[in-house]
Amino acid sequence: MIQLDDVSYAYPDTDHFVLSHMNLSIPAGSVTGIVGASGAGKTTLAKILSGFIPHVDGGELSGTVVVDGVTIAEASLADAVSHVGLVIQSPFNQISGAKFTVREELAFGLENLGVPRDEMAVRVAEVADLLGITGLLDRSPYALSGGQQQLVAIASMIIMRTPVLVMDEPTSQLDPGGTRMVFDVMSSLRDSGITLVIFEHKLELLREHADVVHVLADHQLIAHGPSRAMLADPRMEEWGIGSTRFTAAASEARTKKLLPADVELPVSIEDAATVFASFASSKGA
Amino acid sequence: MDVSFSGVGYTYPSGVEAVKGITLDVPSGQRFAIVGQNGAGKTTLVRHLNGIFQPTVGTVHVGDWATTGHTIAELSARVGYVFQNPDEQLFARKVIDDVAFGPKNLGFDDERAAALVAAALEQTGLSAEAESHPHHLSLSERKRVALAAVLAMDTPVVVLDEPTTGQDEHGVRMIASIVASLQEQGRTVIAITHDMDFCAENFDRVVAMAHGEVLADGTPTEVFAKDDVLTEARVEAPQLARLADALHWDRRPLTVDAFVEQLPRSGA
Amino acid sequence: MSSTLFDNRKSVIHRLNPVTKLIALLAIIVTVFAIPLWWVAGLIIVLVVVPAAVISGSGGRLLSLSLRILLPIMLVLFIVQGLTFPGGKTIIWQWGIIDVTSEGLLFALGIGSRIIVLVLASILLVLTTHPGDLMSALTERGMSPKFAYIISSTLQLIPAFKDRADSILLAQQARGLSLKGNPLRRIKIMLPLLSPLVLGMFTDVEERSTAMEARAFGSTARRTSLIPVADSMVQRIARWLFIVLALAAVATPILLGLL
């Protein structure tokens, strides 16, 4: 579904490669998490996956990027964006500014594509329901809080129904409840066949929702694996990504020989509950 | 320096009552965190400390000053406020000049200002970026520039609004160590945060807010033990507290050490 | 935050097709400026603007908004023209060296009545027409979507940028920036206020254009619109009628040799 072969990139007027000799293969209908310390080039990779590099940002891109069967460099931007959607970090800038209600804002992309009115109304209602923003439909997008704007921004891309959706820290403005809901929505999109790539810091949620996690460090994708194994990898510390408290607690317990040496380290609460319930019970219980 | 809110209420011109009759005393040197969902009134409350909002009813004191008698600029000598969005304040071409802006406004002599700026850059891990253009840095670095800019003002009270959002693990640890060192210097730290693990591990006292009111006020251990409060404030307990629940433990440890301590010893 | 003056009600006037209202407004403006008789403007106010304002239910807001704009203009106009009109001979009031002439007042009345019509009718349009509906209606009639985008986003982003400017001001004051001082100092303090605003605007424009492309803004498909724009045969006929009336208004003074 997404294939990167030997991709390198330097921004215009620089000879400093943000990403170098990168390979990546993402199967259709999966949720892929990409983690990396800040400054590792996550936003740049998100733009490459969605065609904005090289079409908008310019710069020097080598290697091939194929998304949903389309070779991005050879396609037009309009063609590329019909295959892959991008949710950018700032919800304020994802909002068009041209629409006066959330309802019309959500329909903006569909209007551009010439989707018939009846179908638009159905899709707006569906996506609003999915993200719990039906109550906001008649409000001005600018009268919303940052968190509400972020939900509108995500909805405005989901409604496009692109086969691939790339999200760059889509939950930065949301409180824990909103964040959890967005991740649940991602899982349901995956179940309907959409391929998702998400750039995130929230490791517990990545473990729960991503099938595979890739690590971006030193200008390259240096490791990948199933979400639990990858996120519990001891090297996550040296890569500056860190670990959840579940991983840290189990690792500490293992050092103190309170857990067996070969125990598979947990990342999420479910992993941890299983690990600790089978090997240890509390003296406080 | 201690700060206090006495019966503080704030109603926006639109008629929304964001803060309702809040009374809180924060003693000098305390690490004080406020949690609660978006719209609970957290930011409105702490913005009273530097005079951005003046209470509709009640009074706010910073040391011996009532905020009503002072301008934002005057209060900035006592309260350093790190805003959520660094892009609303960074303006200079060099990080070092931006960080020096506050100390200069406060009229510090060159020697003192230079020492404070250097120390703030060091603490935020930005010494190597002193000559960089702030807008060439990543968002998490820019947030740390904004933090350094306030640290350099050497205020007895420091307010942090969502300091860990957008920070990677490395950044979160750096901010945690800054909170600790501010306390060592006897400065009062007041933070608003959605990161309950950061809150549980680094603060002496937590206040949970909802609908402009205080629901609970106590140590992290006390507040994170109250399920009804957490539900109403719509916050999740820290990761290990939730794990303790899943394991049916009757006590909720908040840190890795406390959790491991609560595990049965082998052979016990 | 309310970004527009739109007064959300459900009257017949509100429900009219925005293009009908726009053409009516243009026809009125053309008429009063083509025919140099103050009572024509007066008739239009009494027969068209006032009834429309009453029906719309927005009359109160129209009055308060217009007064704020018109009072200072009218005061200046009548004082200046009444006193200094060059052809003024008929003195109706005199005090010291000050002469108020009836020619001057009549001239002021002529100009003033047109300005009053212009302001009242324009504000009524703005109060009764949702800017989004106006844009949809104009796009439907072939206005370029990029042009429509520029107009609507300007309407909304200006208040958004004002909010940001306010935040910047607070952030810098919180860093000890004092707004007091002499003019030279005031100019100096503009840098920390303007620089984040301008830099932020550049980043925003760049990011927003990326985000808009991701939402198919570059698509060449024939655009559709979510909100149907109400229209009827009566309105279509009315629009042609307004155009004919406006043309007649332009022709009349020429034919009658009034000019």
# chains A, B, ... in the order shown; residues from 1 in each chain; ligands from 1
$ interface_residues --of "chain A" --to "chain C" --cutoff "8 Å" --atoms "only C-alpha atoms" --output "short mmCIF file (atom, residue, chain, number, x, y, z; two decimals) with N, CA and C atoms, in the first residue's frame"
data_model
loop_
_atom_site.label_atom_id
_atom_site.label_comp_id
_atom_site.auth_asym_id
_atom_site.auth_seq_id
_atom_site.Cartn_x
_atom_site.Cartn_y
_atom_site.Cartn_z
N PHE A 52 3.08 16.07 -0.33
CA PHE A 52 3.35 17.51 -0.25
C PHE A 52 4.83 17.81 -0.47
N VAL A 56 4.65 20.52 -2.97
CA VAL A 56 4.45 21.86 -2.40
C VAL A 56 5.76 22.44 -1.86
N LEU A 77 -0.37 16.78 -7.83
CA LEU A 77 -0.75 16.89 -6.43
C LEU A 77 -2.23 16.54 -6.26
N ALA A 78 -3.07 17.03 -7.18
CA ALA A 78 -4.50 16.76 -7.09
C ALA A 78 -4.77 15.26 -7.13
N VAL A 81 -3.53 13.66 -3.71
CA VAL A 81 -4.39 13.86 -2.55
C VAL A 81 -5.71 13.09 -2.65
N SER A 82 -6.01 12.56 -3.82
CA SER A 82 -7.20 11.72 -3.89
C SER A 82 -6.90 10.30 -3.39
N GLY A 85 -4.70 11.22 2.42
CA GLY A 85 -5.07 12.44 3.14
C GLY A 85 -4.05 12.74 4.22
N LEU A 86 -3.93 14.01 4.58
CA LEU A 86 -2.99 14.41 5.62
C LEU A 86 -3.69 15.27 6.67
N VAL A 87 -3.60 14.86 7.93
CA VAL A 87 -4.05 15.71 9.03
C VAL A 87 -2.80 16.38 9.59
N ILE A 88 -2.73 17.71 9.50
CA ILE A 88 -1.54 18.41 9.97
C ILE A 88 -1.64 18.67 11.48
N ASN A 93 -4.91 25.67 11.39
CA ASN A 93 -4.59 25.81 9.97
C ASN A 93 -5.22 24.75 9.09
N GLN A 94 -5.81 23.73 9.70
CA GLN A 94 -6.51 22.73 8.89
C GLN A 94 -7.90 23.24 8.55
N ILE A 95 -8.36 24.25 9.29
CA ILE A 95 -9.69 24.80 9.05
C ILE A 95 -9.60 25.83 7.92
N SER A 96 -10.51 25.72 6.95
CA SER A 96 -10.36 26.48 5.72
C SER A 96 -10.42 27.98 5.93
N GLY A 97 -11.24 28.42 6.89
CA GLY A 97 -11.43 29.86 7.05
C GLY A 97 -12.50 30.37 6.10
N ALA A 98 -12.89 29.55 5.13
CA ALA A 98 -13.85 30.02 4.13
C ALA A 98 -15.28 29.69 4.52
N LYS A 99 -15.46 28.90 5.58
CA LYS A 99 -16.80 28.44 5.91
C LYS A 99 -17.24 28.98 7.27
N PHE A 100 -18.54 29.21 7.38
CA PHE A 100 -19.03 29.89 8.56
C PHE A 100 -19.65 28.95 9.58
N GLU A 104 -20.61 23.21 7.12
CA GLU A 104 -20.07 23.56 5.80
C GLU A 104 -18.57 23.30 5.72
N ALA A 107 -17.93 19.86 4.81
CA ALA A 107 -18.28 19.57 3.42
C ALA A 107 -17.32 20.21 2.42
N PHE A 108 -16.46 21.11 2.91
CA PHE A 108 -15.59 21.89 2.01
C PHE A 108 -14.86 21.02 0.98
N GLY A 109 -14.20 19.96 1.44
CA GLY A 109 -13.44 19.10 0.53
C GLY A 109 -14.34 18.39 -0.47
N LEU A 110 -15.53 18.02 -0.02
CA LEU A 110 -16.46 17.31 -0.91
C LEU A 110 -17.01 18.27 -1.96
N GLU A 111 -17.23 19.51 -1.57
CA GLU A 111 -17.69 20.52 -2.54
C GLU A 111 -16.65 20.69 -3.64
N ASN A 112 -15.38 20.70 -3.22
CA ASN A 112 -14.31 20.85 -4.21
C ASN A 112 -14.30 19.71 -5.21
N LEU A 113 -14.69 18.52 -4.73
CA LEU A 113 -14.69 17.36 -5.61
C LEU A 113 -15.98 17.26 -6.41
N GLY A 114 -16.96 18.13 -6.13
CA GLY A 114 -18.21 18.10 -6.87
C GLY A 114 -19.13 16.97 -6.45
N VAL A 115 -19.05 16.54 -5.19
CA VAL A 115 -19.93 15.48 -4.68
C VAL A 115 -21.36 16.04 -4.59
N PRO A 116 -22.36 15.25 -5.04
CA PRO A 116 -23.74 15.75 -5.00
C PRO A 116 -24.19 16.09 -3.58
N ARG A 117 -25.10 17.08 -3.50
CA ARG A 117 -25.52 17.62 -2.20
C ARG A 117 -26.07 16.57 -1.23
N MET A 120 -23.34 14.54 0.22
CA MET A 120 -22.54 15.33 1.16
C MET A 120 -23.21 15.38 2.52
N ALA A 121 -24.53 15.64 2.52
CA ALA A 121 -25.25 15.78 3.78
C ALA A 121 -25.14 14.48 4.58
N TYR A 142 -14.46 28.94 14.26
CA TYR A 142 -13.56 29.77 15.04
C TYR A 142 -14.06 30.02 16.46
N ALA A 143 -15.30 29.58 16.74
CA ALA A 143 -15.81 29.78 18.09
C ALA A 143 -15.54 28.54 18.94
N SER A 156 -12.70 16.55 9.00
CA SER A 156 -12.69 17.14 7.66
C SER A 156 -11.78 16.35 6.71
N MET A 157 -10.85 15.58 7.24
CA MET A 157 -10.03 14.71 6.38
C MET A 157 -10.66 13.33 6.24
N MET A 160 -13.12 12.75 3.46
CA MET A 160 -12.63 12.64 2.09
C MET A 160 -12.54 11.17 1.63
#
$ residues_around --residues "range 191-207 of chain A" --least-positions-apart "4" --cutoff "7 Å" --atoms "only C-alpha atoms" --output "mmCIF file with all heavy atoms, in the first residue's frame"
data_model
loop_
_atom_site.group_PDB
_atom_site.id
_atom_site.type_symbol
_atom_site.label_atom_id
_atom_site.label_comp_id
_atom_site.auth_asym_id
_atom_site.auth_seq_id
_atom_site.Cartn_x
_atom_site.Cartn_y
_atom_site.Cartn_z
ATOM 1 N N ALA A 28 -1.735 -2.733 3.259
ATOM 2 C CA ALA A 28 -3.067 -2.119 3.219
ATOM 3 C C ALA A 28 -3.871 -2.519 4.454
ATOM 4 O O ALA A 28 -3.691 -3.608 4.994
ATOM 5 C CB ALA A 28 -3.796 -2.554 1.958
ATOM 6 N N GLY A 29 -4.735 -1.621 4.915
ATOM 7 C CA GLY A 29 -5.653 -1.927 6.005
ATOM 8 C C GLY A 29 -4.991 -2.102 7.346
ATOM 9 O O GLY A 29 -5.488 -2.838 8.195
ATOM 10 N N SER A 30 -3.876 -1.427 7.567
ATOM 11 C CA SER A 30 -3.206 -1.535 8.860
ATOM 12 C C SER A 30 -3.124 -0.166 9.517
ATOM 13 O O SER A 30 -3.285 0.859 8.862
ATOM 14 C CB SER A 30 -1.794 -2.094 8.677
ATOM 15 O OG SER A 30 -1.036 -1.224 7.859
ATOM 16 N N VAL A 31 -2.885 -0.170 10.838
ATOM 17 C CA VAL A 31 -2.559 1.071 11.527
ATOM 18 C C VAL A 31 -1.074 1.000 11.852
ATOM 19 O O VAL A 31 -0.626 0.077 12.528
ATOM 20 C CB VAL A 31 -3.357 1.239 12.835
ATOM 21 C CG1 VAL A 31 -2.895 2.506 13.566
ATOM 22 C CG2 VAL A 31 -4.847 1.317 12.560
ATOM 23 N N THR A 32 -0.316 1.972 11.334
ATOM 24 C CA THR A 32 1.119 1.994 11.566
ATOM 25 C C THR A 32 1.458 3.215 12.409
ATOM 26 O O THR A 32 1.046 4.323 12.086
ATOM 27 C CB THR A 32 1.862 2.079 10.220
ATOM 28 O OG1 THR A 32 1.529 0.908 9.466
ATOM 29 C CG2 THR A 32 3.360 2.130 10.415
ATOM 30 N N GLY A 33 2.196 2.995 13.477
ATOM 31 C CA GLY A 33 2.631 4.122 14.295
ATOM 32 C C GLY A 33 4.067 4.460 13.957
ATOM 33 O O GLY A 33 4.875 3.564 13.705
ATOM 34 N N ILE A 34 4.381 5.741 13.905
ATOM 35 C CA ILE A 34 5.779 6.135 13.706
ATOM 36 C C ILE A 34 6.180 7.018 14.872
ATOM 37 O O ILE A 34 5.505 8.011 15.169
ATOM 38 C CB ILE A 34 5.986 6.826 12.350
ATOM 39 C CG1 ILE A 34 5.613 5.831 11.234
ATOM 40 C CG2 ILE A 34 7.444 7.305 12.204
ATOM 41 C CD1 ILE A 34 5.841 6.309 9.835
ATOM 42 N N VAL A 35 7.220 6.624 15.581
ATOM 43 C CA VAL A 35 7.673 7.390 16.741
ATOM 44 C C VAL A 35 9.092 7.891 16.503
ATOM 45 O O VAL A 35 9.836 7.320 15.707
ATOM 46 C CB VAL A 35 7.638 6.542 18.036
ATOM 47 C CG1 VAL A 35 6.223 6.157 18.398
ATOM 48 C CG2 VAL A 35 8.516 5.303 17.910
ATOM 49 N N LYS A 42 9.766 13.755 11.746
ATOM 50 C CA LYS A 42 8.449 13.126 11.608
ATOM 51 C C LYS A 42 7.532 13.900 10.658
ATOM 52 O O LYS A 42 6.894 13.316 9.789
ATOM 53 C CB LYS A 42 7.786 12.997 12.991
ATOM 54 C CG LYS A 42 8.529 12.037 13.921
ATOM 55 C CD LYS A 42 7.720 11.720 15.164
ATOM 56 C CE LYS A 42 7.449 12.918 16.026
ATOM 57 N NZ LYS A 42 8.425 13.230 17.052
ATOM 58 N N PRO A 163 -8.061 6.333 0.568
ATOM 59 C CA PRO A 163 -7.686 4.990 1.013
ATOM 60 C C PRO A 163 -6.566 5.014 2.061
ATOM 61 O O PRO A 163 -6.446 4.085 2.848
ATOM 62 C CB PRO A 163 -7.198 4.301 -0.261
ATOM 63 C CG PRO A 163 -7.650 5.151 -1.391
ATOM 64 C CD PRO A 163 -7.879 6.527 -0.871
ATOM 65 N N VAL A 164 -5.747 6.071 2.048
ATOM 66 C CA VAL A 164 -4.663 6.173 3.023
ATOM 67 C C VAL A 164 -4.822 7.500 3.783
ATOM 68 O O VAL A 164 -5.116 8.532 3.185
ATOM 69 C CB VAL A 164 -3.281 6.169 2.334
ATOM 70 C CG1 VAL A 164 -2.162 6.266 3.370
ATOM 71 C CG2 VAL A 164 -3.113 4.922 1.481
ATOM 72 N N LEU A 165 -4.636 7.445 5.095
ATOM 73 C CA LEU A 165 -4.743 8.654 5.906
ATOM 74 C C LEU A 165 -3.483 8.780 6.767
ATOM 75 O O LEU A 165 -3.143 7.858 7.509
ATOM 76 C CB LEU A 165 -5.991 8.532 6.783
ATOM 77 C CG LEU A 165 -6.615 9.782 7.363
ATOM 78 C CD1 LEU A 165 -6.832 10.844 6.295
ATOM 79 C CD2 LEU A 165 -7.956 9.442 8.012
ATOM 80 N N VAL A 166 -2.791 9.921 6.633
ATOM 81 C CA VAL A 166 -1.589 10.174 7.419
ATOM 82 C C VAL A 166 -1.930 11.235 8.458
ATOM 83 O O VAL A 166 -2.508 12.272 8.121
ATOM 84 C CB VAL A 166 -0.440 10.681 6.514
ATOM 85 C CG1 VAL A 166 0.799 11.009 7.341
ATOM 86 C CG2 VAL A 166 -0.108 9.640 5.444
ATOM 87 N N MET A 167 -1.607 10.972 9.718
ATOM 88 C CA MET A 167 -1.945 11.932 10.773
ATOM 89 C C MET A 167 -0.694 12.307 11.558
ATOM 90 O O MET A 167 -0.020 11.452 12.098
ATOM 91 C CB MET A 167 -2.970 11.318 11.727
ATOM 92 C CG MET A 167 -4.279 10.979 11.062
ATOM 93 S SD MET A 167 -5.438 10.444 12.337
ATOM 94 C CE MET A 167 -6.940 10.415 11.387
ATOM 95 N N ASP A 168 -0.428 13.615 11.615
ATOM 96 C CA ASP A 168 0.754 14.114 12.300
ATOM 97 C C ASP A 168 0.338 14.649 13.673
ATOM 98 O O ASP A 168 -0.238 15.736 13.765
ATOM 99 C CB ASP A 168 1.382 15.221 11.441
ATOM 100 C CG ASP A 168 2.738 15.656 11.963
ATOM 101 O OD1 ASP A 168 3.230 15.052 12.936
ATOM 102 O OD2 ASP A 168 3.307 16.600 11.385
ATOM 103 N N GLU A 169 0.575 13.902 14.715
ATOM 104 C CA GLU A 169 0.177 14.268 16.082
ATOM 105 C C GLU A 169 -1.247 14.817 16.146
ATOM 106 O O GLU A 169 -1.464 15.964 16.527
ATOM 107 C CB GLU A 169 1.173 15.265 16.678
ATOM 108 C CG GLU A 169 2.537 14.634 16.846
ATOM 109 C CD GLU A 169 3.500 15.498 17.658
ATOM 110 O OE1 GLU A 169 3.041 16.267 18.500
ATOM 111 O OE2 GLU A 169 4.703 15.361 17.436
ATOM 112 N N SER A 187 -9.164 2.944 14.814
ATOM 113 C CA SER A 187 -9.323 1.493 14.723
ATOM 114 C C SER A 187 -10.536 1.136 13.877
ATOM 115 O O SER A 187 -10.492 0.200 13.089
ATOM 116 C CB SER A 187 -9.456 0.883 16.115
ATOM 117 O OG SER A 187 -8.204 0.891 16.744
ATOM 118 N N SER A 227 3.708 -3.717 17.684
ATOM 119 C CA SER A 227 3.713 -2.559 18.581
ATOM 120 C C SER A 227 4.240 -2.887 19.978
ATOM 121 O O SER A 227 5.042 -2.143 20.529
ATOM 122 C CB SER A 227 2.334 -1.917 18.651
ATOM 123 O OG SER A 227 1.391 -2.834 19.147
ATOM 124 N N ARG A 228 3.835 -4.024 20.550
ATOM 125 C CA ARG A 228 4.274 -4.302 21.916
ATOM 126 C C ARG A 228 5.784 -4.528 21.983
ATOM 127 O O ARG A 228 6.478 -3.922 22.807
ATOM 128 C CB ARG A 228 3.544 -5.523 22.478
ATOM 129 C CG ARG A 228 4.039 -5.880 23.882
ATOM 130 C CD ARG A 228 3.148 -6.917 24.520
ATOM 131 N NE ARG A 228 3.649 -7.275 25.850
ATOM 132 C CZ ARG A 228 3.045 -8.155 26.625
ATOM 133 N NH1 ARG A 228 1.939 -8.766 26.201
ATOM 134 N NH2 ARG A 228 3.542 -8.438 27.812
ATOM 135 N N THR A 244 6.466 3.553 28.512
ATOM 136 C CA THR A 244 5.353 3.794 29.425
ATOM 137 C C THR A 244 5.789 3.370 30.830
ATOM 138 O O THR A 244 6.779 2.647 31.002
ATOM 139 C CB THR A 244 4.096 2.982 29.038
ATOM 140 O OG1 THR A 244 4.368 1.587 29.218
ATOM 141 C CG2 THR A 244 3.691 3.248 27.598
ATOM 142 N N VAL A 267 3.457 -2.958 27.582
ATOM 143 C CA VAL A 267 3.445 -1.548 27.173
ATOM 144 C C VAL A 267 2.132 -0.892 27.618
ATOM 145 O O VAL A 267 2.122 0.217 28.118
ATOM 146 C CB VAL A 267 3.630 -1.402 25.648
ATOM 147 C CG1 VAL A 267 3.518 0.067 25.235
ATOM 148 C CG2 VAL A 267 4.978 -1.971 25.223
ATOM 149 N N SER A 268 1.027 -1.634 27.454
ATOM 150 C CA SER A 268 -0.278 -1.055 27.811
ATOM 151 C C SER A 268 -0.735 -1.628 29.143
ATOM 152 O O SER A 268 -0.120 -2.542 29.697
ATOM 153 C CB SER A 268 -1.303 -1.406 26.744
ATOM 154 O OG SER A 268 -1.550 -2.798 26.780
ATOM 155 N N ASP B 168 8.699 15.303 23.767
ATOM 156 C CA ASP B 168 8.999 13.876 23.822
ATOM 157 C C ASP B 168 9.468 13.554 25.242
ATOM 158 O O ASP B 168 9.562 14.424 26.106
ATOM 159 C CB ASP B 168 10.033 13.494 22.757
ATOM 160 C CG ASP B 168 11.292 14.314 22.866
ATOM 161 O OD1 ASP B 168 11.584 14.819 23.957
ATOM 162 O OD2 ASP B 168 11.992 14.456 21.849
#
$ closest_atom_pairs --of "chain A" --to "chain B" --cutoff "8 Å" --atoms "only C-alpha atoms" --output "Markdown table"
| residue | atom | partner | partner_atom | distance |
| --- | --- | --- | --- | --- |
| A:Ala37 | CA | B:Asp168 | CA | 5.9 |
| A:Ser38 | CA | B:Asp168 | CA | 6.3 |
| A:Gly39 | CA | B:Ser138 | CA | 6.1 |
| A:Gly147 | CA | B:Asn38 | CA | 7.7 |
| A:Ser172 | CA | B:Gly166 | CA | 6.6 |
| A:Leu174 | CA | B:Asn38 | CA | 8.0 |
| A:Asp175 | CA | B:Gln37 | CA | 6.2 |
| A:Pro176 | CA | B:Val235 | CA | 6.8 |
| A:Gly177 | CA | B:Arg234 | CA | 7.2 |
| A:His201 | CA | B:Asp168 | CA | 6.4 |
| A:Gly240 | CA | B:His170 | CA | 5.8 |
| A:Ile241 | CA | B:Glu169 | CA | 5.6 |
| A:Gly242 | CA | B:Glu169 | CA | 5.3 |
| A:Ser243 | CA | B:Glu169 | CA | 7.9 |
| A:Arg245 | CA | B:Gln239 | CA | 6.4 |
| A:Phe246 | CA | B:Leu240 | CA | 6.8 |
| A:Ala248 | CA | B:Val256 | CA | 6.8 |
| A:Ala249 | CA | B:Val256 | CA | 5.1 |
| A:Glu252 | CA | B:Val260 | CA | 7.2 |
| A:Ala253 | CA | B:Val260 | CA | 6.0 |
| A:Lys257 | CA | B:Ser266 | CA | 7.4 |
| A:Leu258 | CA | B:Ser266 | CA | 6.0 |
| A:Ile269 | CA | B:Leu243 | CA | 5.9 |
| A:Ala272 | CA | B:Leu243 | CA | 7.2 |
| A:Ala273 | CA | B:Leu247 | CA | 6.2 |
| A:Phe276 | CA | B:Leu247 | CA | 7.7 |
| A:Ala277 | CA | B:Leu247 | CA | 6.5 |
| A:Ala280 | CA | B:Pro264 | CA | 6.6 |
| A:Ser281 | CA | B:Pro264 | CA | 6.4 |
| A:Ser282 | CA | B:Leu263 | CA | 5.0 |
| A:Lys283 | CA | B:Pro264 | CA | 5.3 |
| A:Gly284 | CA | B:Trp249 | CA | 6.1 |
| A:Ala285 | CA | B:Trp249 | CA | 4.7 |
$ interface_residues --of "chain C" --to "chain B" --cutoff "10 Å" --atoms "only C-alpha atoms" --output "ChimeraX atom specification"
/C:1,164-179,191-200,203
$ select_by_dssp --residues "range 56-114 of chain B" --states "strand (DSSP E or B)" --output "compact mmCIF listing (two decimals) with all heavy atoms, in the first residue's frame"
# COMPACT_ATOMS: atom_id res chain seq x y z
N VAL B 57 -15.35 38.81 41.47
CA VAL B 57 -15.51 38.92 42.94
C VAL B 57 -14.30 38.28 43.60
O VAL B 57 -13.62 37.45 43.00
CB VAL B 57 -16.79 38.20 43.45
CG1 VAL B 57 -18.04 38.89 42.99
CG2 VAL B 57 -16.79 36.73 43.05
N GLY B 58 -14.03 38.67 44.83
CA GLY B 58 -12.92 38.09 45.58
C GLY B 58 -11.61 38.82 45.30
O GLY B 58 -11.58 39.81 44.56
N THR B 59 -10.53 38.30 45.91
CA THR B 59 -9.22 38.93 45.71
C THR B 59 -8.15 37.87 45.46
O THR B 59 -8.27 36.73 45.89
CB THR B 59 -8.77 39.74 46.95
OG1 THR B 59 -8.91 38.89 48.09
CG2 THR B 59 -9.56 41.01 47.13
N VAL B 60 -7.12 38.30 44.74
CA VAL B 60 -5.98 37.43 44.47
C VAL B 60 -4.74 38.15 45.01
O VAL B 60 -4.54 39.32 44.72
CB VAL B 60 -5.82 37.18 42.96
CG1 VAL B 60 -4.59 36.32 42.68
CG2 VAL B 60 -7.06 36.53 42.39
N HIS B 61 -3.97 37.44 45.81
CA HIS B 61 -2.74 38.03 46.35
C HIS B 61 -1.52 37.28 45.85
O HIS B 61 -1.52 36.06 45.78
CB HIS B 61 -2.75 37.99 47.88
CG HIS B 61 -3.47 39.14 48.49
ND1 HIS B 61 -4.81 39.13 48.74
CD2 HIS B 61 -3.01 40.36 48.90
CE1 HIS B 61 -5.17 40.29 49.27
NE2 HIS B 61 -4.10 41.06 49.36
N VAL B 62 -0.50 38.05 45.48
CA VAL B 62 0.81 37.47 45.17
C VAL B 62 1.76 38.10 46.17
O VAL B 62 2.07 39.29 46.08
CB VAL B 62 1.24 37.78 43.74
CG1 VAL B 62 2.62 37.19 43.46
CG2 VAL B 62 0.23 37.25 42.74
N TRP B 65 1.06 41.74 47.58
CA TRP B 65 0.34 42.54 46.58
C TRP B 65 -1.04 41.95 46.28
O TRP B 65 -1.13 40.75 45.99
CB TRP B 65 1.09 42.57 45.24
CG TRP B 65 2.30 43.42 45.19
CD1 TRP B 65 2.83 44.18 46.19
CD2 TRP B 65 3.17 43.58 44.05
NE1 TRP B 65 3.97 44.81 45.75
CE2 TRP B 65 4.20 44.45 44.44
CE3 TRP B 65 3.17 43.08 42.77
CZ2 TRP B 65 5.22 44.83 43.58
CZ3 TRP B 65 4.18 43.44 41.89
CH2 TRP B 65 5.20 44.33 42.30
N ALA B 66 -2.08 42.80 46.27
CA ALA B 66 -3.35 42.38 45.69
C ALA B 66 -3.22 42.66 44.20
O ALA B 66 -2.75 43.74 43.81
CB ALA B 66 -4.50 43.17 46.30
N VAL B 79 5.52 37.11 39.06
CA VAL B 79 4.95 35.89 38.49
C VAL B 79 5.45 35.70 37.06
O VAL B 79 5.19 36.53 36.19
CB VAL B 79 3.40 35.96 38.48
CG1 VAL B 79 2.81 34.68 37.89
CG2 VAL B 79 2.87 36.19 39.88
N GLY B 80 6.18 34.65 36.82
CA GLY B 80 6.58 34.30 35.46
C GLY B 80 5.53 33.36 34.91
O GLY B 80 5.16 32.39 35.57
N TYR B 81 5.02 33.65 33.72
CA TYR B 81 3.92 32.83 33.18
C TYR B 81 4.36 32.25 31.83
O TYR B 81 4.62 32.99 30.90
CB TYR B 81 2.68 33.71 33.01
CG TYR B 81 1.41 32.94 32.74
CD1 TYR B 81 0.38 32.91 33.67
CD2 TYR B 81 1.22 32.25 31.53
CE1 TYR B 81 -0.79 32.21 33.43
CE2 TYR B 81 0.05 31.54 31.29
CZ TYR B 81 -0.95 31.53 32.24
OH TYR B 81 -2.11 30.84 32.00
N VAL B 82 4.44 30.94 31.75
CA VAL B 82 4.81 30.30 30.48
C VAL B 82 3.52 29.91 29.76
O VAL B 82 2.80 29.02 30.20
CB VAL B 82 5.69 29.06 30.69
CG1 VAL B 82 6.17 28.52 29.34
CG2 VAL B 82 6.88 29.39 31.59
$ select_by_dssp --residues "range 12-165 of chain A" --states "helix (DSSP H, G or I)" --output "NGL selection string"
:A and (42-49 or 52-55 or 77-83 or 91-94 or 102-113 or 117-130 or 134-136 or 141-143 or 146-158)
$ residues_around --residues "range 90-106 of chain C" --least-positions-apart "4" --cutoff "9 Å" --atoms "only C-alpha atoms" --output "list in words"
Trp38, Phe78, Ile79, Val80, Gln81, Gly82, Leu83, Thr84, Phe85, Pro86, Gly110 and Ile111 of chain C
$ closest_residue --among "B:Thr44, B:Ser28, B:Gln183, B:Thr11" --to "Thr56 in chain B" --atoms "only C-alpha atoms"
B:Thr11
$ atom_distance --atom1 "CA of Gly36 in chain A" --atom2 "CA of Gly63 in chain A"
21.7 Å
$ residues_around --residues "Ile48 in chain A" --least-positions-apart "3" --cutoff "10 Å" --atoms "only C-alpha atoms" --output "number ranges by chain"
A: 4, 7, 9, 42-45, 51-55, 57, 61, 65, 72-73
$ atom_distance --atom1 "CA of Thr171 in chain A" --atom2 "CA of Gln89 in chain A"
8.5 Å
$ atom_distance --atom1 "CA of Ile2 in chain A" --atom2 "CA of His21 in chain A"
15.9 Å
$ residues_around --residues "Gly69 in chain A" --least-positions-apart "2" --cutoff "9 Å" --atoms "only C-alpha atoms" --output "ChimeraX atom specification"
/A:1-2,66-67,71,83
